[in-house]
>>> print(open('query-v7.cif').read())   # mmCIF, C-alpha atoms
data_target
#
loop_
_atom_site.label_atom_id
_atom_site.label_comp_id
_atom_site.auth_asym_id
_atom_site.auth_seq_id
_atom_site.Cartn_x
_atom_site.Cartn_y
_atom_site.Cartn_z
CA MET A 1 0.00 0.00 0.00
CA ALA A 2 2.85 2.36 0.80
CA VAL A 3 4.16 1.95 -2.73
CA PHE A 4 0.80 2.97 -4.21
CA LYS A 5 0.59 5.97 -1.89
CA ASP A 6 4.04 7.13 -2.96
CA PHE A 7 3.10 6.69 -6.64
CA ASN A 8 -0.12 8.67 -6.14
CA ARG A 9 1.87 11.41 -4.42
CA MET A 10 4.17 11.61 -7.43
CA LEU A 11 1.14 12.13 -9.68
CA THR A 12 -0.26 14.85 -7.44
CA LEU A 13 1.05 18.12 -8.85
CA ASN A 14 -0.25 21.64 -8.51
CA PRO A 15 -1.30 23.26 -11.81
CA GLY A 16 1.71 25.54 -11.82
CA MET A 17 4.11 22.62 -11.60
CA ARG A 18 2.33 20.84 -14.44
CA ARG A 19 2.48 23.94 -16.61
CA MET A 20 6.15 24.40 -15.83
CA PHE A 21 6.90 20.81 -16.86
CA CYS A 22 4.84 21.24 -20.03
CA LEU A 23 6.63 24.41 -21.08
CA VAL A 24 10.11 23.17 -20.29
CA GLY A 25 9.26 19.89 -21.99
CA ALA A 26 8.10 21.68 -25.15
CA ILE A 27 11.39 23.60 -25.27
CA ILE A 28 13.52 20.49 -24.74
CA LEU A 29 11.59 18.34 -27.23
CA GLY A 30 11.65 21.08 -29.84
CA GLY A 31 15.40 21.38 -29.46
CA VAL A 32 16.18 17.66 -29.39
CA ILE A 33 13.90 16.08 -32.01
CA PRO A 34 15.47 17.74 -35.10
CA VAL A 35 18.90 16.78 -33.78
CA ILE A 36 17.96 13.10 -33.55
CA PHE A 37 15.69 12.65 -36.56
CA SER A 38 16.78 13.94 -39.97
CA ALA A 39 13.19 13.75 -41.29
CA ALA A 40 12.06 16.11 -38.52
CA ARG A 41 14.98 18.39 -39.36
CA ASP A 42 13.73 18.74 -42.93
CA PHE A 43 10.15 19.24 -41.78
CA PHE A 44 11.07 22.12 -39.46
CA ASP A 45 13.52 23.70 -41.92
CA ASN A 46 12.80 27.46 -41.96
CA GLU A 47 13.95 27.82 -45.54
CA LYS A 48 11.54 25.14 -46.79
CA GLY A 49 8.76 26.71 -44.76
CA VAL A 50 6.99 23.40 -44.15
CA ALA A 51 6.08 23.95 -40.50
CA VAL A 52 6.57 27.68 -40.16
CA ASN A 53 3.12 28.43 -41.59
CA ILE A 54 1.28 26.90 -38.62
CA VAL A 55 2.54 29.57 -36.20
CA PRO A 56 0.38 32.56 -37.32
CA PRO A 57 -2.92 30.60 -37.09
CA LEU A 58 -1.95 29.37 -33.62
CA ILE A 59 -1.21 32.94 -32.54
CA MET A 60 -4.57 34.14 -33.84
CA LEU A 61 -6.45 31.33 -32.06
CA MET A 62 -4.67 32.13 -28.80
CA LEU A 63 -5.53 35.81 -29.14
CA LEU A 64 -9.16 35.03 -29.94
CA SER A 65 -9.53 33.02 -26.74
CA SER A 66 -7.82 35.81 -24.81
CA PHE A 67 -9.83 38.66 -26.35
CA ILE A 68 -13.23 36.96 -26.00
CA ASP A 69 -13.67 38.11 -22.39
CA VAL A 70 -11.57 41.26 -22.42
CA LYS A 71 -13.64 44.40 -22.08
CA LEU A 72 -11.51 47.51 -22.11
CA LYS A 73 -12.49 50.13 -19.58
CA LYS A 74 -11.13 53.31 -18.07
CA GLY A 75 -8.79 51.51 -15.69
CA SER A 76 -7.38 49.14 -18.30
CA THR A 77 -4.12 51.03 -18.65
CA GLY A 78 -1.95 53.73 -17.13
CA TRP A 79 0.99 56.01 -17.72
CA SER A 80 3.28 52.99 -17.57
CA LEU A 81 2.18 52.07 -21.10
CA LEU A 82 3.68 55.31 -22.38
CA ARG A 83 6.83 54.60 -20.39
CA ILE A 84 7.06 51.17 -22.06
CA LEU A 85 6.79 52.75 -25.52
CA ILE A 86 9.60 55.18 -24.63
CA PHE A 87 11.78 52.50 -23.02
CA MET A 88 11.70 50.16 -26.02
CA PRO A 89 13.62 52.36 -28.51
CA VAL A 90 15.92 53.57 -25.73
CA ILE A 91 17.02 50.09 -24.64
CA ALA A 92 17.25 48.97 -28.28
CA THR A 93 19.56 51.86 -29.18
CA VAL A 94 21.69 51.51 -26.06
CA ALA A 95 22.00 47.74 -26.57
CA TYR A 96 23.10 48.21 -30.17
CA PHE A 97 25.95 50.62 -29.42
CA VAL A 98 27.07 48.87 -26.21
CA LEU A 99 27.24 45.48 -27.92
CA LEU A 100 28.90 46.92 -31.01
CA LYS A 101 31.62 48.47 -28.87
CA THR A 102 32.14 45.56 -26.46
CA THR A 103 31.92 42.65 -28.91
CA GLY A 104 32.91 44.27 -32.18
CA SER A 105 30.21 42.19 -33.86
CA GLU A 106 27.41 43.93 -35.70
CA ASN A 107 25.40 40.70 -35.62
CA TYR A 108 25.35 40.76 -31.82
CA ALA A 109 24.58 44.47 -31.84
CA ILE A 110 21.61 43.96 -34.16
CA MET A 111 20.38 41.07 -31.99
CA GLY A 112 20.28 43.39 -28.98
CA PHE A 113 18.59 46.09 -31.04
CA LEU A 114 15.87 43.76 -32.33
CA ILE A 115 15.20 42.26 -28.90
CA GLY A 116 14.86 45.75 -27.45
CA MET A 117 12.32 46.74 -30.10
CA THR A 118 10.35 43.51 -29.89
CA PRO A 119 6.77 44.26 -28.80
CA THR A 120 4.64 42.43 -26.25
CA ALA A 121 3.96 38.79 -27.06
CA THR A 122 0.54 37.88 -28.35
CA SER A 123 0.42 35.16 -25.69
CA ALA A 124 1.11 37.65 -22.87
CA PRO A 125 -2.59 38.26 -22.04
CA VAL A 126 -3.07 34.50 -21.72
CA ILE A 127 -0.17 34.15 -19.28
CA THR A 128 -1.23 37.24 -17.35
CA GLY A 129 -4.69 35.74 -16.91
CA LEU A 130 -3.18 32.47 -15.66
CA LEU A 131 -1.19 34.54 -13.16
CA ASN A 132 -4.48 36.07 -11.93
CA LYS A 133 -3.45 39.55 -13.03
CA ARG A 134 -5.11 42.15 -15.27
CA ALA A 135 -5.26 40.66 -18.76
CA ASP A 136 -7.02 43.79 -20.05
CA TYR A 137 -3.92 45.90 -19.28
CA VAL A 138 -1.64 43.49 -21.13
CA THR A 139 -4.10 43.32 -24.04
CA VAL A 140 -3.86 47.09 -24.49
CA ALA A 141 -0.07 46.85 -24.21
CA THR A 142 0.01 44.05 -26.80
CA VAL A 143 -1.92 46.09 -29.35
CA ALA A 144 -0.05 49.34 -28.63
CA THR A 145 3.49 47.94 -28.64
CA ASN A 146 2.96 45.81 -31.74
CA LEU A 147 1.55 48.73 -33.72
CA PHE A 148 4.33 50.96 -32.41
CA THR A 149 6.99 48.50 -33.56
CA ALA A 150 5.30 48.01 -36.91
CA PHE A 151 5.58 51.70 -37.74
CA ALA A 152 8.66 52.78 -35.74
CA LEU A 153 11.09 49.93 -36.47
CA ALA A 154 11.98 51.02 -40.01
CA PRO A 155 12.86 54.68 -39.25
CA LEU A 156 14.67 53.75 -36.02
CA THR A 157 16.69 51.09 -37.87
CA ALA A 158 17.66 53.66 -40.49
CA ILE A 159 18.86 56.04 -37.76
CA VAL A 160 20.70 53.51 -35.57
CA VAL A 161 21.90 50.80 -37.94
CA GLY A 162 22.16 53.01 -41.01
CA GLY A 163 21.04 52.73 -44.60
CA ARG A 164 22.54 49.26 -45.09
CA VAL A 165 19.20 47.72 -44.12
CA GLU A 166 15.79 48.65 -45.49
CA ILE A 167 12.76 47.44 -43.53
CA ASN A 168 9.55 46.92 -45.48
CA THR A 169 7.26 48.96 -43.23
CA PRO A 170 3.98 48.24 -45.09
CA ALA A 171 4.65 44.48 -44.97
CA LEU A 172 5.56 44.60 -41.27
CA ALA A 173 2.53 46.75 -40.43
CA MET A 174 0.14 44.56 -42.42
CA LYS A 175 1.46 41.38 -40.79
CA THR A 176 1.03 42.91 -37.33
CA ILE A 177 -2.43 44.30 -38.00
CA LEU A 178 -3.66 40.96 -39.35
CA LEU A 179 -2.24 38.96 -36.44
CA ILE A 180 -3.86 41.22 -33.84
CA GLY A 181 -6.76 42.89 -35.65
CA VAL A 182 -8.47 39.79 -37.04
CA PRO A 183 -8.86 37.92 -33.70
CA PHE A 184 -9.82 41.16 -31.91
CA LEU A 185 -12.54 41.89 -34.50
CA LEU A 186 -13.80 38.30 -34.37
CA ALA A 187 -13.95 38.45 -30.56
CA VAL A 188 -16.11 41.59 -30.72
CA ILE A 189 -18.41 40.03 -33.35
CA PHE A 190 -18.82 36.75 -31.47
CA ARG A 191 -19.37 38.50 -28.14
CA ASN A 192 -22.15 40.72 -29.52
CA PHE A 193 -23.72 38.82 -32.42
CA ALA A 194 -22.85 35.13 -32.00
CA LYS A 195 -23.05 34.46 -28.27
CA PRO A 196 -23.17 30.64 -28.59
CA VAL A 197 -19.82 30.78 -30.40
CA ALA A 198 -18.43 33.09 -27.73
CA GLU A 199 -19.64 30.74 -25.01
CA PHE A 200 -18.02 27.77 -26.79
CA ILE A 201 -14.68 29.63 -26.89
CA ARG A 202 -14.99 30.51 -23.20
CA ARG A 203 -15.60 26.87 -22.26
CA HIS A 204 -12.45 25.82 -24.08
CA LYS A 205 -10.13 28.71 -23.16
CA ARG A 206 -7.86 26.35 -21.27
CA PHE A 207 -6.71 24.92 -24.61
CA SER A 208 -4.96 28.22 -25.42
CA PHE A 209 -2.20 27.09 -23.07
CA TYR A 210 -1.69 23.93 -25.14
CA LEU A 211 -1.73 25.95 -28.36
CA TRP A 212 1.05 28.01 -26.81
CA MET A 213 3.01 24.82 -26.10
CA ILE A 214 2.60 23.64 -29.70
CA MET A 215 3.81 27.00 -30.97
CA LEU A 216 6.77 26.98 -28.57
CA PHE A 217 7.70 23.44 -29.62
CA THR A 218 7.50 24.42 -33.32
CA VAL A 219 9.68 27.52 -32.95
CA CYS A 220 12.32 25.66 -30.92
CA ALA A 221 12.30 22.83 -33.48
CA GLN A 222 12.70 25.27 -36.37
CA SER A 223 15.63 26.93 -34.64
CA SER A 224 17.21 23.58 -33.84
CA ALA A 225 16.80 22.45 -37.47
CA TYR A 226 18.58 25.59 -38.66
CA ILE A 227 21.41 25.26 -36.14
CA CYS A 228 22.01 21.63 -37.18
CA LYS A 229 22.84 22.79 -40.71
CA GLN A 230 25.35 25.45 -39.66
CA GLU A 231 28.87 24.08 -39.39
CA ASP A 232 30.36 27.44 -38.40
CA LEU A 233 28.11 27.90 -35.34
CA SER A 234 30.22 26.65 -32.45
CA HIS A 235 28.89 25.88 -29.00
CA ALA A 236 30.70 28.96 -27.71
CA ILE A 237 28.84 31.24 -30.13
CA LEU A 238 25.50 29.67 -29.24
CA LEU A 239 26.20 30.12 -25.53
CA GLN A 240 27.12 33.77 -26.14
CA ILE A 241 23.83 34.36 -27.97
CA LEU A 242 21.93 32.61 -25.19
CA GLY A 243 23.73 34.77 -22.63
CA LEU A 244 22.84 37.93 -24.54
CA ALA A 245 19.18 36.89 -24.73
CA ALA A 246 19.13 36.03 -21.01
CA VAL A 247 20.60 39.41 -20.00
CA MET A 248 18.11 41.28 -22.19
CA CYS A 249 15.30 39.17 -20.73
CA VAL A 250 16.26 40.05 -17.14
CA ILE A 251 16.58 43.75 -18.02
CA ASN A 252 13.12 43.84 -19.63
CA PHE A 253 11.26 42.04 -16.85
CA VAL A 254 12.95 44.10 -14.11
CA ALA A 255 12.53 47.38 -15.99
CA GLY A 256 8.86 46.61 -16.61
CA PHE A 257 8.30 46.05 -12.90
CA ALA A 258 10.03 49.36 -12.12
CA LEU A 259 8.13 51.31 -14.79
CA GLY A 260 4.66 50.12 -13.78
CA GLU A 261 2.30 51.83 -11.39
CA ALA A 262 1.85 50.13 -8.04
CA LYS A 263 -1.31 48.36 -9.22
CA PHE A 264 0.25 47.27 -12.53
CA ARG A 265 3.76 46.14 -11.50
CA ARG A 266 3.44 42.54 -12.62
CA GLU A 267 1.34 43.39 -15.66
CA CYS A 268 3.87 45.97 -16.85
CA SER A 269 6.73 43.53 -16.24
CA GLN A 270 4.93 40.91 -18.30
CA ALA A 271 4.12 43.39 -21.08
CA LEU A 272 7.76 44.45 -21.43
CA GLY A 273 9.45 41.13 -20.69
CA GLN A 274 7.30 38.64 -22.61
CA LYS A 275 8.01 39.52 -26.23
CA ASN A 276 6.54 38.78 -29.65
CA THR A 277 9.68 37.04 -30.83
CA MET A 278 7.75 35.43 -33.71
CA LEU A 279 7.46 38.85 -35.32
CA MET A 280 11.10 39.76 -34.75
CA LEU A 281 12.24 36.33 -35.88
CA TRP A 282 10.55 37.07 -39.19
CA VAL A 283 12.24 40.50 -39.33
CA GLY A 284 15.64 38.95 -38.63
CA LEU A 285 15.23 36.36 -41.38
CA ALA A 286 13.66 38.73 -43.91
CA PHE A 287 15.89 41.79 -43.55
CA PHE A 288 19.10 40.69 -41.80
CA ASN A 289 20.43 37.12 -41.66
CA PRO A 290 19.70 33.80 -39.92
CA ILE A 291 22.42 34.41 -37.32
CA VAL A 292 20.70 37.61 -36.20
CA ALA A 293 17.39 35.74 -36.00
CA LEU A 294 18.89 33.45 -33.35
CA GLY A 295 18.79 36.33 -30.85
CA PRO A 296 14.98 36.57 -30.71
CA THR A 297 14.80 32.77 -30.95
CA PHE A 298 16.91 32.26 -27.83
CA TYR A 299 14.84 34.95 -26.10
CA VAL A 300 11.85 32.61 -26.57
CA VAL A 301 13.57 30.06 -24.35
CA CYS A 302 14.49 32.63 -21.69
CA HIS A 303 11.14 34.32 -21.27
CA ASN A 304 9.25 31.02 -21.34
CA LEU A 305 11.48 29.53 -18.67
CA TRP A 306 10.67 32.55 -16.50
CA ASN A 307 6.96 32.23 -17.36
CA SER A 308 6.97 28.58 -16.39
CA TRP A 309 8.46 29.45 -13.01
CA GLN A 310 5.92 32.26 -12.49
CA LEU A 311 3.06 29.87 -13.22
CA ARG A 312 4.58 27.36 -10.80
CA VAL A 313 4.75 29.95 -8.01
CA ALA A 314 1.30 31.39 -8.75
CA ASP A 315 -0.33 27.98 -8.28
CA LYS A 316 1.89 26.60 -5.55
CA ASN A 317 -0.96 26.33 -3.08
CA ALA A 318 -3.31 24.48 -5.43
CA THR A 319 -3.16 20.71 -5.93
CA THR A 320 -4.67 18.41 -8.48
CA VAL A 321 -3.91 15.03 -9.98
CA ALA A 322 -1.89 15.45 -13.16
#
>>> encode(input="query-v7.cif", output="structure tokens")
Amino acid sequence: MAVFKDFNRMLTLNPGMRRMFCLVGAIILGGVIPVIFSAARDFFDNEKGVAVNIVPPLIMLMLLSSFIDVKLKKGSTGWSLLRILIFMPVIATVAYFVLLKTTGSENYAIMGFLIGMTPTATSAPVITGLLNKRADYVTVATVATNLFTAFALAPLTAIVVGGRVEINTPALAMKTILLIGVPFLLAVIFRNFAKPVAEFIRRHKRFSFYLWMIMLFTVCAQSSAYICKQEDLSHAILLQILGLAAVMCVINFVAGFALGEAKFRRECSQALGQKNTMLMLWVGLAFFNPIVALGPTFYVVCHNLWNSWQLRVADKNATTVA
């Protein structure tokens, strides 16, 4: 009997612990599978674009489930949102010149610049809700920072990086507007004119977490598939890029907490720290080079490891059978 009790105790996990295991597992599996199986490596090859096309629909489904219950009101934001929009170009510019001077590598400098200008992740409202914080604040931040990046990235790149790179602003803006605008519009329509559909989405909102895991697994697998093909990417270089992403991640989460009003500390930290790396990954591949794109990719790992720990702590007093 004691053996069965011990086994049952092993299965008894609080929701936060389960979520942490799921997220970390998605990262590890995404990184390992293309290394082991050559067929998976080809499937997740960014250049062939076989799996990359599933990410935007997953993002839109996650946003739809997040937006379905969000009703913006007077207290949905604060002055901290303006501080976030000011901080983003400042940290991006500072990171570019500091990294260019200290490393002598423009690739590293551009990585820091892109991470700094990366807007709030489309999954941030979902995570904020799971943390029992104000998802409406983070929803406003998601829309505002993504639109800000869509229109400000090109001119800021021209000023900081120079005329060597030309960002396609209309393409970037259209991609951002579609990713955010379509699910937001659908949420409004369903909430007001198709209430049975809205109720169905509400009943199944928990699946947005699993959509996030699928997306995280896919992005990590795509990055792993690319790295496997690069003979000139040593372990030392990869560790340096991971270190850069980790430092930028810490700076953003801490700065967000400091910039937020007392009632929005965690929300502001989440809005600034959890970033839409999918968008900046596309920018890195489309306008720079695959090496630069590894910066936002490694940031995915860093901010999701922190998110997994936050979810673990937030639910540490709840227990359920896994």
>>> resolve_selection(input="query-v7.cif", expression="the PyMOL selection byres ((chain A and resi 261) around 8)", output="list in words")
Gly78, Trp79, Ser80, Leu259, Gly260, Ala262, Lys263, Phe264 and Arg265 of chain A
>>> write_last_selection(input="query-v7.cif", atoms="C-alpha atoms", output="PDB file, in the coordinates of the input")
ATOM      1  CA  GLY A  78      -1.950  53.730 -17.130  1.00  0.00           C
ATOM      2  CA  TRP A  79       0.990  56.010 -17.720  1.00  0.00           C
ATOM      3  CA  SER A  80       3.280  52.990 -17.570  1.00  0.00           C
ATOM      4  CA  LEU A 259       8.130  51.310 -14.790  1.00  0.00           C
ATOM      5  CA  GLY A 260       4.660  50.120 -13.780  1.00  0.00           C
ATOM      6  CA  ALA A 262       1.850  50.130  -8.040  1.00  0.00           C
ATOM      7  CA  LYS A 263      -1.310  48.360  -9.220  1.00  0.00           C
ATOM      8  CA  PHE A 264       0.250  47.270 -12.530  1.00  0.00           C
ATOM      9  CA  ARG A 265       3.760  46.140 -11.500  1.00  0.00           C
TER      10      ARG A 265
END
>>> closest_residue(input="query-v7.cif", among="A:Glu267, A:Asp232, A:Glu106, A:Asp45", to="Val138 of chain A", atoms="only C-alpha atoms")
A:Glu267
>>> residues_around(input="query-v7.cif", residues="Ala121 of chain A", least_positions_apart="3", cutoff="12 Å", atoms="only C-alpha atoms", output="PyMOL selection string")
chain A and resi 59-60+62-63+115+117-118+124-128+138-146+176+179-180+212+270-280+296+299-300+303-304
>>> residues_near_point(input="query-v7.cif", point="(-0.8, 40.1, -8.4)", cutoff="7 Å", atoms="all atoms listed in the file", output="PyMOL selection string")
chain A and resi 132-133+266
>>> resolve_selection(input="query-v7.cif", expression="the PyMOL selection byres ((chain A and resi 19-27) around 12)", output="tab-separated table (two decimals) with C-alpha atoms, in the coordinates of the input")
chain	number	residue	atom	x	y	z
A	13	LEU	CA	1.05	18.12	-8.85
A	14	ASN	CA	-0.25	21.64	-8.51
A	15	PRO	CA	-1.30	23.26	-11.81
A	16	GLY	CA	1.71	25.54	-11.82
A	17	MET	CA	4.11	22.62	-11.60
A	18	ARG	CA	2.33	20.84	-14.44
A	28	ILE	CA	13.52	20.49	-24.74
A	29	LEU	CA	11.59	18.34	-27.23
A	30	GLY	CA	11.65	21.08	-29.84
A	31	GLY	CA	15.40	21.38	-29.46
A	32	VAL	CA	16.18	17.66	-29.39
A	33	ILE	CA	13.90	16.08	-32.01
A	127	ILE	CA	-0.17	34.15	-19.28
A	130	LEU	CA	-3.18	32.47	-15.66
A	131	LEU	CA	-1.19	34.54	-13.16
A	206	ARG	CA	-7.86	26.35	-21.27
A	209	PHE	CA	-2.20	27.09	-23.07
A	210	TYR	CA	-1.69	23.93	-25.14
A	211	LEU	CA	-1.73	25.95	-28.36
A	212	TRP	CA	1.05	28.01	-26.81
A	213	MET	CA	3.01	24.82	-26.10
A	214	ILE	CA	2.60	23.64	-29.70
A	215	MET	CA	3.81	27.00	-30.97
A	216	LEU	CA	6.77	26.98	-28.57
A	217	PHE	CA	7.70	23.44	-29.62
A	218	THR	CA	7.50	24.42	-33.32
A	219	VAL	CA	9.68	27.52	-32.95
A	220	CYS	CA	12.32	25.66	-30.92
A	221	ALA	CA	12.30	22.83	-33.48
A	222	GLN	CA	12.70	25.27	-36.37
A	223	SER	CA	15.63	26.93	-34.64
A	224	SER	CA	17.21	23.58	-33.84
A	297	THR	CA	14.80	32.77	-30.95
A	298	PHE	CA	16.91	32.26	-27.83
A	299	TYR	CA	14.84	34.95	-26.10
A	300	VAL	CA	11.85	32.61	-26.57
A	301	VAL	CA	13.57	30.06	-24.35
A	302	CYS	CA	14.49	32.63	-21.69
A	303	HIS	CA	11.14	34.32	-21.27
A	304	ASN	CA	9.25	31.02	-21.34
A	305	LEU	CA	11.48	29.53	-18.67
A	306	TRP	CA	10.67	32.55	-16.50
A	307	ASN	CA	6.96	32.23	-17.36
A	308	SER	CA	6.97	28.58	-16.39
A	309	TRP	CA	8.46	29.45	-13.01
A	310	GLN	CA	5.92	32.26	-12.49
A	311	LEU	CA	3.06	29.87	-13.22
A	312	ARG	CA	4.58	27.36	-10.80
A	313	VAL	CA	4.75	29.95	-8.01
A	314	ALA	CA	1.30	31.39	-8.75
A	315	ASP	CA	-0.33	27.98	-8.28
A	316	LYS	CA	1.89	26.60	-5.55
A	322	ALA	CA	-1.89	15.45	-13.16
>>> atom_distance(input="query-v7.cif", atom1="atom CA of Ala255 of chain A", atom2="atom CA of Val94 of chain A")
14.2 Å
>>> closest_residue(input="query-v7.cif", among="A:Leu58, A:Ile86, A:Leu64, A:Val283", to="Phe200 of chain A", atoms="only C-alpha atoms")
A:Leu64
>>> atom_distance(input="query-v7.cif", atom1="atom CA of Gly75 of chain A", atom2="atom CA of Ile177 of chain A")
24.3 Å
>>> atom_distance(input="query-v7.cif", atom1="atom CA of Thr149 of chain A", atom2="atom CA of Leu114 of chain A")
10.1 Å
>>> closest_residue(input="query-v7.cif", among="A:Val254, A:Val55, A:Leu233, A:Ile68", to="Asp136 of chain A", atoms="only C-alpha atoms")
A:Ile68
>>> closest_residue(input="query-v7.cif", among="A:Leu61, A:Ile110, A:Asp42, A:Phe37", to="Val182 of chain A", atoms="all atoms listed in the file")
A:Leu61
>>> closest_residue(input="query-v7.cif", among="A:Phe190, A:Thr120, A:Leu85, A:Ser65", to="His204 of chain A", atoms="only C-alpha atoms")
A:Ser65
>>> resolve_selection(input="query-v7.cif", expression="the PyMOL selection byres ((chain A and resi 286) around 12)", output="list in words")
Asn46, Glu47, Val165, Glu166, Ile167, Asn168, Ala171, Leu172, Leu279, Met280, Leu281, Trp282, Val283, Gly284, Leu285, Phe287, Phe288, Asn289, Pro290, Ile291, Val292 and Ala293 of chain A
>>> write_last_selection(input="query-v7.cif", atoms="C-alpha atoms", output="PDB file, in the frame of the given file")
ATOM      1  CA  ASN A  46      12.800  27.460 -41.960  1.00  0.00           C
ATOM      2  CA  GLU A  47      13.950  27.820 -45.540  1.00  0.00           C
ATOM      3  CA  VAL A 165      19.200  47.720 -44.120  1.00  0.00           C
ATOM      4  CA  GLU A 166      15.790  48.650 -45.490  1.00  0.00           C
ATOM      5  CA  ILE A 167      12.760  47.440 -43.530  1.00  0.00           C
ATOM      6  CA  ASN A 168       9.550  46.920 -45.480  1.00  0.00           C
ATOM      7  CA  ALA A 171       4.650  44.480 -44.970  1.00  0.00           C
ATOM      8  CA  LEU A 172       5.560  44.600 -41.270  1.00  0.00           C
ATOM      9  CA  LEU A 279       7.460  38.850 -35.320  1.00  0.00           C
ATOM     10  CA  MET A 280      11.100  39.760 -34.750  1.00  0.00           C
ATOM     11  CA  LEU A 281      12.240  36.330 -35.880  1.00  0.00           C
ATOM     12  CA  TRP A 282      10.550  37.070 -39.190  1.00  0.00           C
ATOM     13  CA  VAL A 283      12.240  40.500 -39.330  1.00  0.00           C
ATOM     14  CA  GLY A 284      15.640  38.950 -38.630  1.00  0.00           C
ATOM     15  CA  LEU A 285      15.230  36.360 -41.380  1.00  0.00           C
ATOM     16  CA  PHE A 287      15.890  41.790 -43.550  1.00  0.00           C
ATOM     17  CA  PHE A 288      19.100  40.690 -41.800  1.00  0.00           C
ATOM     18  CA  ASN A 289      20.430  37.120 -41.660  1.00  0.00           C
ATOM     19  CA  PRO A 290      19.700  33.800 -39.920  1.00  0.00           C
ATOM     20  CA  ILE A 291      22.420  34.410 -37.320  1.00  0.00           C
ATOM     21  CA  VAL A 292      20.700  37.610 -36.200  1.00  0.00           C
ATOM     22  CA  ALA A 293      17.390  35.740 -36.000  1.00  0.00           C
TER      23      ALA A 293
END
>>> closest_residue(input="query-v7.cif", among="A:Pro155, A:Leu294, A:Lys195, A:Ile251", to="Phe87 of chain A", atoms="all atoms listed in the file")
A:Ile251
